[in-house]
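run06.cif follows; it contains mmCIF, C-alpha atoms and all ligand atoms.
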data_coords
loop_
_atom_site.label_atom_id
_atom_site.label_comp_id
_atom_site.auth_asym_id
_atom_site.auth_seq_id
_atom_site.Cartn_x
_atom_site.Cartn_y
_atom_site.Cartn_z
CA MET K 1 119.39 142.04 78.47
CA LEU K 2 120.88 144.10 75.65
CA LEU K 3 119.98 147.71 75.09
CA ASP K 4 120.70 149.10 71.63
CA LEU K 5 122.42 152.46 72.13
CA LYS K 6 122.76 153.27 68.42
CA PRO K 7 119.94 155.89 68.49
CA LEU K 8 121.83 157.75 71.23
CA PHE K 9 125.21 157.64 69.53
CA ALA K 10 123.63 158.50 66.18
CA GLY K 11 121.85 161.47 67.75
CA SER K 12 118.34 160.40 66.77
CA ARG K 13 117.26 160.02 70.41
CA ASP K 14 118.05 162.07 73.54
CA PHE K 15 117.38 159.27 75.95
CA LEU K 16 116.27 155.65 76.30
CA SER K 17 114.16 154.57 79.27
CA VAL K 18 115.30 151.67 81.37
CA ASP K 19 113.00 149.71 83.64
CA PHE K 20 113.75 146.12 84.45
CA GLU K 21 114.33 143.67 87.25
CA MET K 22 117.49 141.72 87.87
CA ASP K 23 117.59 138.33 89.47
CA LEU K 24 120.48 138.27 91.94
CA SER K 25 119.04 135.54 94.12
CA GLU K 26 122.11 133.35 93.61
CA PHE K 27 124.54 136.15 94.45
CA GLU K 28 126.38 135.38 97.67
CA PHE K 29 128.17 137.78 100.00
CA LEU K 30 129.90 136.68 103.21
CA GLY K 31 128.02 133.38 103.14
CA VAL K 32 124.61 135.02 102.78
CA LYS K 33 122.42 135.45 99.70
CA PRO K 34 121.18 139.00 100.33
CA PHE K 35 118.87 139.53 97.35
CA HIS K 36 115.92 137.18 97.80
CA ALA K 37 113.62 139.36 95.73
CA PRO K 38 114.41 140.82 92.30
CA VAL K 39 116.46 144.02 92.20
CA ALA K 40 114.64 146.87 90.46
CA ILE K 41 116.59 149.07 88.06
CA ASN K 42 115.07 152.12 86.49
CA GLY K 43 115.93 155.45 85.00
CA LYS K 44 117.40 156.28 81.62
CA ILE K 45 120.43 156.38 79.43
CA VAL K 46 120.81 159.91 78.14
CA SER K 47 122.80 161.62 75.44
CA ARG K 48 123.81 165.18 76.27
CA ALA K 49 126.09 167.21 74.03
CA GLY K 50 127.40 164.02 72.50
CA ILE K 51 128.11 162.35 75.82
CA VAL K 52 126.17 159.21 76.65
CA GLU K 53 125.68 158.42 80.31
CA SER K 54 123.48 156.34 82.56
CA GLN K 55 121.14 157.87 85.13
CA LEU K 56 119.86 154.75 86.79
CA SER K 57 118.78 153.92 90.27
CA CYS K 58 118.73 150.51 91.78
CA LYS K 59 116.42 149.51 94.61
CA ALA K 60 116.12 146.23 96.48
CA GLN K 61 115.44 144.55 99.75
CA TYR K 62 118.72 143.49 101.30
CA PHE K 63 118.58 140.46 103.53
CA GLY K 64 121.24 139.88 106.18
CA PHE K 65 121.95 139.27 109.81
CA CYS K 66 122.42 142.04 112.35
CA ASP K 67 126.13 142.59 113.00
CA ARG K 68 125.48 142.90 116.72
CA CYS K 69 122.68 140.49 117.64
CA LEU K 70 122.65 138.21 114.55
CA LYS K 71 118.92 138.61 114.09
CA GLU K 72 117.53 138.26 110.55
CA THR K 73 117.29 141.77 109.17
CA VAL K 74 115.99 143.28 105.93
CA LEU K 75 117.35 146.65 104.83
CA ASP K 76 116.23 148.96 102.05
CA TYR K 77 119.06 148.92 99.58
CA ALA K 78 119.52 151.70 97.03
CA THR K 79 122.33 152.84 94.83
CA ASP K 80 122.70 155.11 91.82
CA ILE K 81 124.41 153.96 88.67
CA ASN K 82 125.79 157.00 86.91
CA ARG K 83 128.48 156.21 84.38
CA THR K 84 129.69 157.47 81.08
CA ILE K 85 129.34 155.10 78.14
CA VAL K 86 131.67 155.31 75.15
CA ILE K 87 132.24 153.35 71.94
CA SER K 88 135.99 153.39 72.36
CA LEU K 89 138.55 154.84 74.72
CA GLU K 90 140.52 157.74 73.32
CA ASN K 91 143.63 157.37 75.42
CA GLU K 92 145.19 155.00 77.89
CA GLU K 93 144.52 157.30 80.79
CA SER K 94 140.80 156.75 80.71
CA GLU K 95 141.30 152.99 80.65
CA GLU K 96 141.90 153.18 84.38
CA ASN K 97 138.68 155.02 84.93
CA ASP K 98 136.06 152.62 86.26
CA ASP K 99 133.32 155.16 85.64
CA ILE K 100 133.57 154.63 81.90
CA ALA K 101 131.87 151.69 80.20
CA VAL K 102 133.02 150.77 76.72
CA VAL K 103 130.50 149.37 74.22
CA PRO K 104 132.26 148.93 70.85
CA ASP K 105 129.11 147.48 69.22
CA MET K 106 126.78 150.00 70.92
CA GLN K 107 124.95 147.14 72.63
CA LEU K 108 124.83 147.68 76.38
CA ASP K 109 124.40 144.56 78.49
CA LEU K 110 122.33 146.10 81.26
CA GLU K 111 122.83 143.26 83.72
CA ASP K 112 126.62 143.32 83.42
CA PHE K 113 126.62 147.09 83.50
CA CYS K 114 124.61 147.31 86.74
CA TYR K 115 126.09 144.29 88.47
CA ALA K 116 129.48 145.89 89.16
CA ASP K 117 127.92 148.98 90.75
CA ILE K 118 125.59 146.93 92.91
CA VAL K 119 128.40 144.73 94.20
CA MET K 120 130.64 147.76 94.85
CA ASN K 121 127.94 149.45 96.93
CA LEU K 122 126.76 146.71 99.24
CA PRO K 123 125.91 147.89 102.76
CA THR K 124 129.00 148.00 104.96
CA LYS K 125 127.00 147.15 108.05
CA VAL K 126 123.73 145.47 108.84
CA LEU K 127 121.90 146.54 111.98
CA CYS K 128 118.39 145.45 112.99
CA LYS K 129 118.05 148.94 114.50
CA ASP K 130 120.52 151.77 115.01
CA ASP K 131 120.74 151.27 118.75
CA CYS K 132 120.84 147.48 118.76
CA ARG K 133 122.50 146.46 122.02
CA GLY K 134 123.76 143.15 120.67
CA ILE K 135 124.31 139.97 122.59
CA CYS K 136 126.24 139.50 125.79
CA PRO K 137 129.71 138.14 124.94
CA ASP K 138 129.71 136.10 128.13
CA CYS K 139 126.31 134.41 128.30
CA GLY K 140 124.97 135.05 124.79
CA CYS K 141 121.65 136.54 125.88
CA ASP K 142 120.01 139.15 123.64
CA LEU K 143 120.57 142.44 125.45
CA ASN K 144 117.68 144.03 123.52
CA LEU K 145 115.29 141.73 125.36
CA LYS K 146 116.77 141.65 128.82
CA GLN K 147 119.77 142.63 130.86
CA CYS K 148 121.71 139.57 131.88
CA ASN K 149 123.24 139.17 135.31
CA CYS K 150 126.67 138.00 134.28
CA GLY K 151 128.01 141.40 133.13
CA GLY K 152 129.74 143.59 135.68
CA THR K 153 130.29 140.92 138.26
CA GLU K 154 132.86 138.95 136.34
CA VAL K 155 136.27 140.51 135.97
CA ASP K 156 137.51 140.71 132.41
CA PRO K 157 140.51 138.34 132.22
CA ARG K 158 142.51 140.99 130.33
CA LEU K 159 141.90 143.49 133.12
CA ALA K 160 142.85 140.87 135.70
CA ALA K 161 146.15 140.32 133.90
CA LEU K 162 146.74 144.06 133.77
CA ALA K 163 146.02 144.38 137.49
CA GLU K 164 148.56 141.64 138.09
CA LEU K 165 151.19 143.55 136.08
CA LEU K 166 150.50 146.82 137.89
CA LYS K 167 150.89 145.26 141.29
CA ASP K 168 154.70 145.59 141.39
ZN ZN P 201 120.52 143.62 116.27
ZN ZN P 202 125.48 137.88 129.93
#
Can the structure from this file be put into C-alpha cells for me?
Ligand SMILES: [Zn+2]
Ligand SMILES: [Zn+2]
Amino acid sequence: MLLDLKPLFAGSRDFLSVDFEMDLSEFEFLGVKPFHAPVAINGKIVSRAGIVESQLSCKAQYFGFCDRCLKETVLDYATDINRTIVISLENEESEENDDIAVVPDMQLDLEDFCYADIVMNLPTKVLCKDDCRGICPDCGCDLNLKQCNCGGTEVDPRLAALAELLKD
C-alpha cells in the first residue's frame, strides 16, 4: 500500500492520516505464526518544520506458547513506529541510521515501512501469566494445576556428583 507523501514534502499538508490493517498471517517466528489476525496500524505521517516523520502505532494479538508451561497463549502486542522520512540522505553518516527511511519518489510503502519495526519489536518472552510455575522437568506435570510428588525426593544428579567430589 503506497502513500503519496508529496503533499507533505511540498508543504501543502501538515499531516496524512494512516489507518490500515496488515496481513502478517504467514510471518513465522521460532516455528510459530504469531499473527493470526490482521495487525492494525494507525496514526499519521506529519510534517513539522520541514521534517517528515511517522507517528504510528501498531496493535495486534500475538499468538505463542508460554515459555514455561508451553500452553497456548495470546498476548496484546503493541509497538510505536516513529521514524524520520527523507527524500535523500545528505551524508554518509545518516546512512547507518535505521531510524531514517528514504523515499526518493515520495511514495511510502506502508507495509514495508512498518514491517521492519514490527519484526524488531517482537515480544522477548511469552508467559501465560506472570507467575506461571511451568512444568516439572522430571515428570512433566503442569505445576500450575498440581504439585507433583517427584520433586524434592529425587537427588539432582549434578548435586550427587558434587557431593561425590566433596567427599575427599
Ligand atoms: Zn505458562
Ligand atoms: Zn514432577
Report, as JSON, the axis-aligned box around all atoms of segment 70-73 of chain K present in the file, extended by 8 Å on each side; give centre and edge lengths in Å to one decimal place.
{"center_x": 120.0, "center_y": 140.0, "center_z": 111.9, "size_x": 21.4, "size_y": 19.6, "size_z": 21.4}
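Shortest separation to ligand ZN 201 (chain P) among K:Ser54, K:Gln107, K:Asn149, K:Thr73 occurs at residue K:Thr73, atoms counted being only C-alpha atoms and all ligand atoms.
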Exercise for review: Counting all atoms listed in the file, name the residues that have an atom within 9 Å of an atom of ligand ZN 201 (chain P); the answer should be given as a ChimeraX atom specification.
Suggested key: /K:65-73,126-135,142,144
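Interatomic distance, atom CA of Ile51 of chain K against atom CA of Asp14 of chain K: 10.3 Å.
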**Study point:** Selection as a ChimeraX atom specification: residues within 9 Å of ligand ZN 202 (chain P) by all atoms listed in the file
**Key:** /K:135-143,147-151
Dump of C-alpha atoms for the selected residues, as a compact mmCIF listing (two decimals), keeping the file's coordinate frame:
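Generated output (again_29.txt):
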# COMPACT_ATOMS: atom_id res chain seq x y z
CA ILE K 135 124.31 139.97 122.59
CA CYS K 136 126.24 139.50 125.79
CA PRO K 137 129.71 138.14 124.94
CA ASP K 138 129.71 136.10 128.13
CA CYS K 139 126.31 134.41 128.30
CA GLY K 140 124.97 135.05 124.79
CA CYS K 141 121.65 136.54 125.88
CA ASP K 142 120.01 139.15 123.64
CA LEU K 143 120.57 142.44 125.45
CA GLN K 147 119.77 142.63 130.86
CA CYS K 148 121.71 139.57 131.88
CA ASN K 149 123.24 139.17 135.31
CA CYS K 150 126.67 138.00 134.28
CA GLY K 151 128.01 141.40 133.13
Exercise for review: Give me the residues within 10 Å of Ala116 of chain K as a PyMOL selection string, counting all atoms listed in the file and dropping any in the same chain fewer than 4 places off.
Suggested key: chain K and resi 81+98+111-112+120-121
Review point. Which residue gives the smallest distance to Leu16 of chain K among K:Ile87, K:Met106, K:Val46, K:Leu75, with only C-alpha atoms counted?
Key: K:Val46
Exercise for review: Go ahead and compute the interatomic distance for atom CA of Tyr62 of chain K and atom CA of Asp80 of chain K, in Å to one decimal.
Suggested key: 15.5 Å
Point to revise | Neighbours of point (133.3, 156.3, 82.0) within 6 Å, using only C-alpha atoms, written as a ChimeraX atom specification | key: /K:83-85,99-101
Review point. Counting all atoms listed in the file, what is within 8 Å of Ala40 of chain K, bar same-chain residues fewer than 5 positions away, as a ChimeraX atom specification?
Key: /K:19-22,58-60
**Study point:** Point-to-point distance from atom CA of Val74 of chain K to atom CA of Leu122 of chain K, Å rounded to tenths
**Key:** 13.1 Å
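Using only C-alpha atoms, the smallest distance between any of K:Leu89, K:Leu166, K:Val103, K:Ile118 and Val39 of chain K comes from K:Ile118.
Near Leu3 of chain K, within 8 Å and counting only C-alpha atoms, sit Gln107, Leu108, Asp109 and Leu110 of chain K, not including residues fewer than 6 positions from it in the same chain.
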Mind dumping the selected residues with C-alpha atoms as a short mmCIF file (atom, residue, chain, number, x, y, z; two decimals), keeping the file's coordinate frame?
data_model
loop_
_atom_site.label_atom_id
_atom_site.label_comp_id
_atom_site.auth_asym_id
_atom_site.auth_seq_id
_atom_site.Cartn_x
_atom_site.Cartn_y
_atom_site.Cartn_z
CA GLN K 107 124.95 147.14 72.63
CA LEU K 108 124.83 147.68 76.38
CA ASP K 109 124.40 144.56 78.49
CA LEU K 110 122.33 146.10 81.26
#
Revision key, fill the gap. Residue with the minimum atom-to-atom distance to Gly50 of chain K, picked from K:Asn82, K:Ser25, K:Thr124, K:Ser12 with all atoms listed in the file counted, is K:Ser12
Exercise for review: Give the answer as one residue: which of K:Val102, K:Leu8, K:Cys114, K:Val32 has the shortest atom-to-atom distance to Ser57 of chain K, using only C-alpha atoms?
Suggested key: K:Cys114
Review point. Which residue gives the smallest distance to Ser17 of chain K among K:Ser47, K:Ser88, K:Thr79, K:Gln61, with all atoms listed in the file counted?
Key: K:Ser47
Can you patch up segment 13-36 of chain K, filling it in to N, CA and C atoms, and show the result as a tab-separated table (two decimals), in the coordinates of the input?
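Saved to result-v8.tsv:
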chain	number	residue	atom	x	y	z
K	13	ARG	N	118.02	160.02	69.16
K	13	ARG	CA	117.26	160.02	70.41
K	13	ARG	C	118.07	160.74	71.48
K	14	ASP	N	117.36	161.40	72.42
K	14	ASP	CA	118.05	162.07	73.54
K	14	ASP	C	118.21	161.12	74.72
K	15	PHE	N	117.27	160.21	74.84
K	15	PHE	CA	117.38	159.27	75.95
K	15	PHE	C	116.63	157.98	75.65
K	16	LEU	N	116.97	156.93	76.37
K	16	LEU	CA	116.27	155.65	76.30
K	16	LEU	C	115.88	155.29	77.73
K	17	SER	N	114.61	154.93	77.92
K	17	SER	CA	114.16	154.57	79.27
K	17	SER	C	114.60	153.15	79.61
K	18	VAL	N	114.89	152.99	80.88
K	18	VAL	CA	115.30	151.67	81.37
K	18	VAL	C	114.41	151.32	82.56
K	19	ASP	N	113.83	150.15	82.53
K	19	ASP	CA	113.00	149.71	83.64
K	19	ASP	C	112.96	148.19	83.61
K	20	PHE	N	113.74	147.58	84.46
K	20	PHE	CA	113.75	146.12	84.45
K	20	PHE	C	114.14	145.59	85.83
K	21	GLU	N	113.97	144.30	85.98
K	21	GLU	CA	114.33	143.67	87.25
K	21	GLU	C	115.44	142.66	87.02
K	22	MET	N	116.35	142.62	87.98
K	22	MET	CA	117.49	141.72	87.87
K	22	MET	C	117.36	140.64	88.92
K	23	ASP	N	117.62	139.43	88.53
K	23	ASP	CA	117.59	138.33	89.47
K	23	ASP	C	119.00	138.11	90.03
K	24	LEU	N	119.17	138.48	91.30
K	24	LEU	CA	120.48	138.27	91.94
K	24	LEU	C	120.33	137.29	93.10
K	25	SER	N	119.33	136.43	93.00
K	25	SER	CA	119.04	135.54	94.12
K	25	SER	C	120.16	134.54	94.40
K	26	GLU	N	121.00	134.28	93.39
K	26	GLU	CA	122.11	133.35	93.61
K	26	GLU	C	123.39	134.07	94.04
K	27	PHE	N	123.36	135.39	94.04
K	27	PHE	CA	124.54	136.15	94.45
K	27	PHE	C	124.80	135.96	95.94
K	28	GLU	N	126.05	135.68	96.27
K	28	GLU	CA	126.38	135.38	97.67
K	28	GLU	C	127.44	136.35	98.18
K	29	PHE	N	127.22	136.85	99.39
K	29	PHE	CA	128.17	137.78	100.00
K	29	PHE	C	128.35	137.40	101.47
K	30	LEU	N	129.57	137.09	101.84
K	30	LEU	CA	129.90	136.68	103.21
K	30	LEU	C	129.01	135.52	103.69
K	31	GLY	N	128.78	134.57	102.78
K	31	GLY	CA	128.02	133.38	103.14
K	31	GLY	C	126.51	133.57	103.16
K	32	VAL	N	126.05	134.75	102.77
K	32	VAL	CA	124.61	135.02	102.78
K	32	VAL	C	124.18	135.40	101.36
K	33	LYS	N	122.97	135.00	100.98
K	33	LYS	CA	122.42	135.45	99.70
K	33	LYS	C	121.47	136.61	100.00
K	34	PRO	N	121.95	137.84	99.82
K	34	PRO	CA	121.18	139.00	100.33
K	34	PRO	C	119.99	139.43	99.48
K	35	PHE	N	119.96	139.03	98.20
K	35	PHE	CA	118.87	139.53	97.35
K	35	PHE	C	117.86	138.42	97.05
K	36	HIS	N	116.96	138.20	97.99
K	36	HIS	CA	115.92	137.18	97.80
K	36	HIS	C	114.96	137.57	96.71
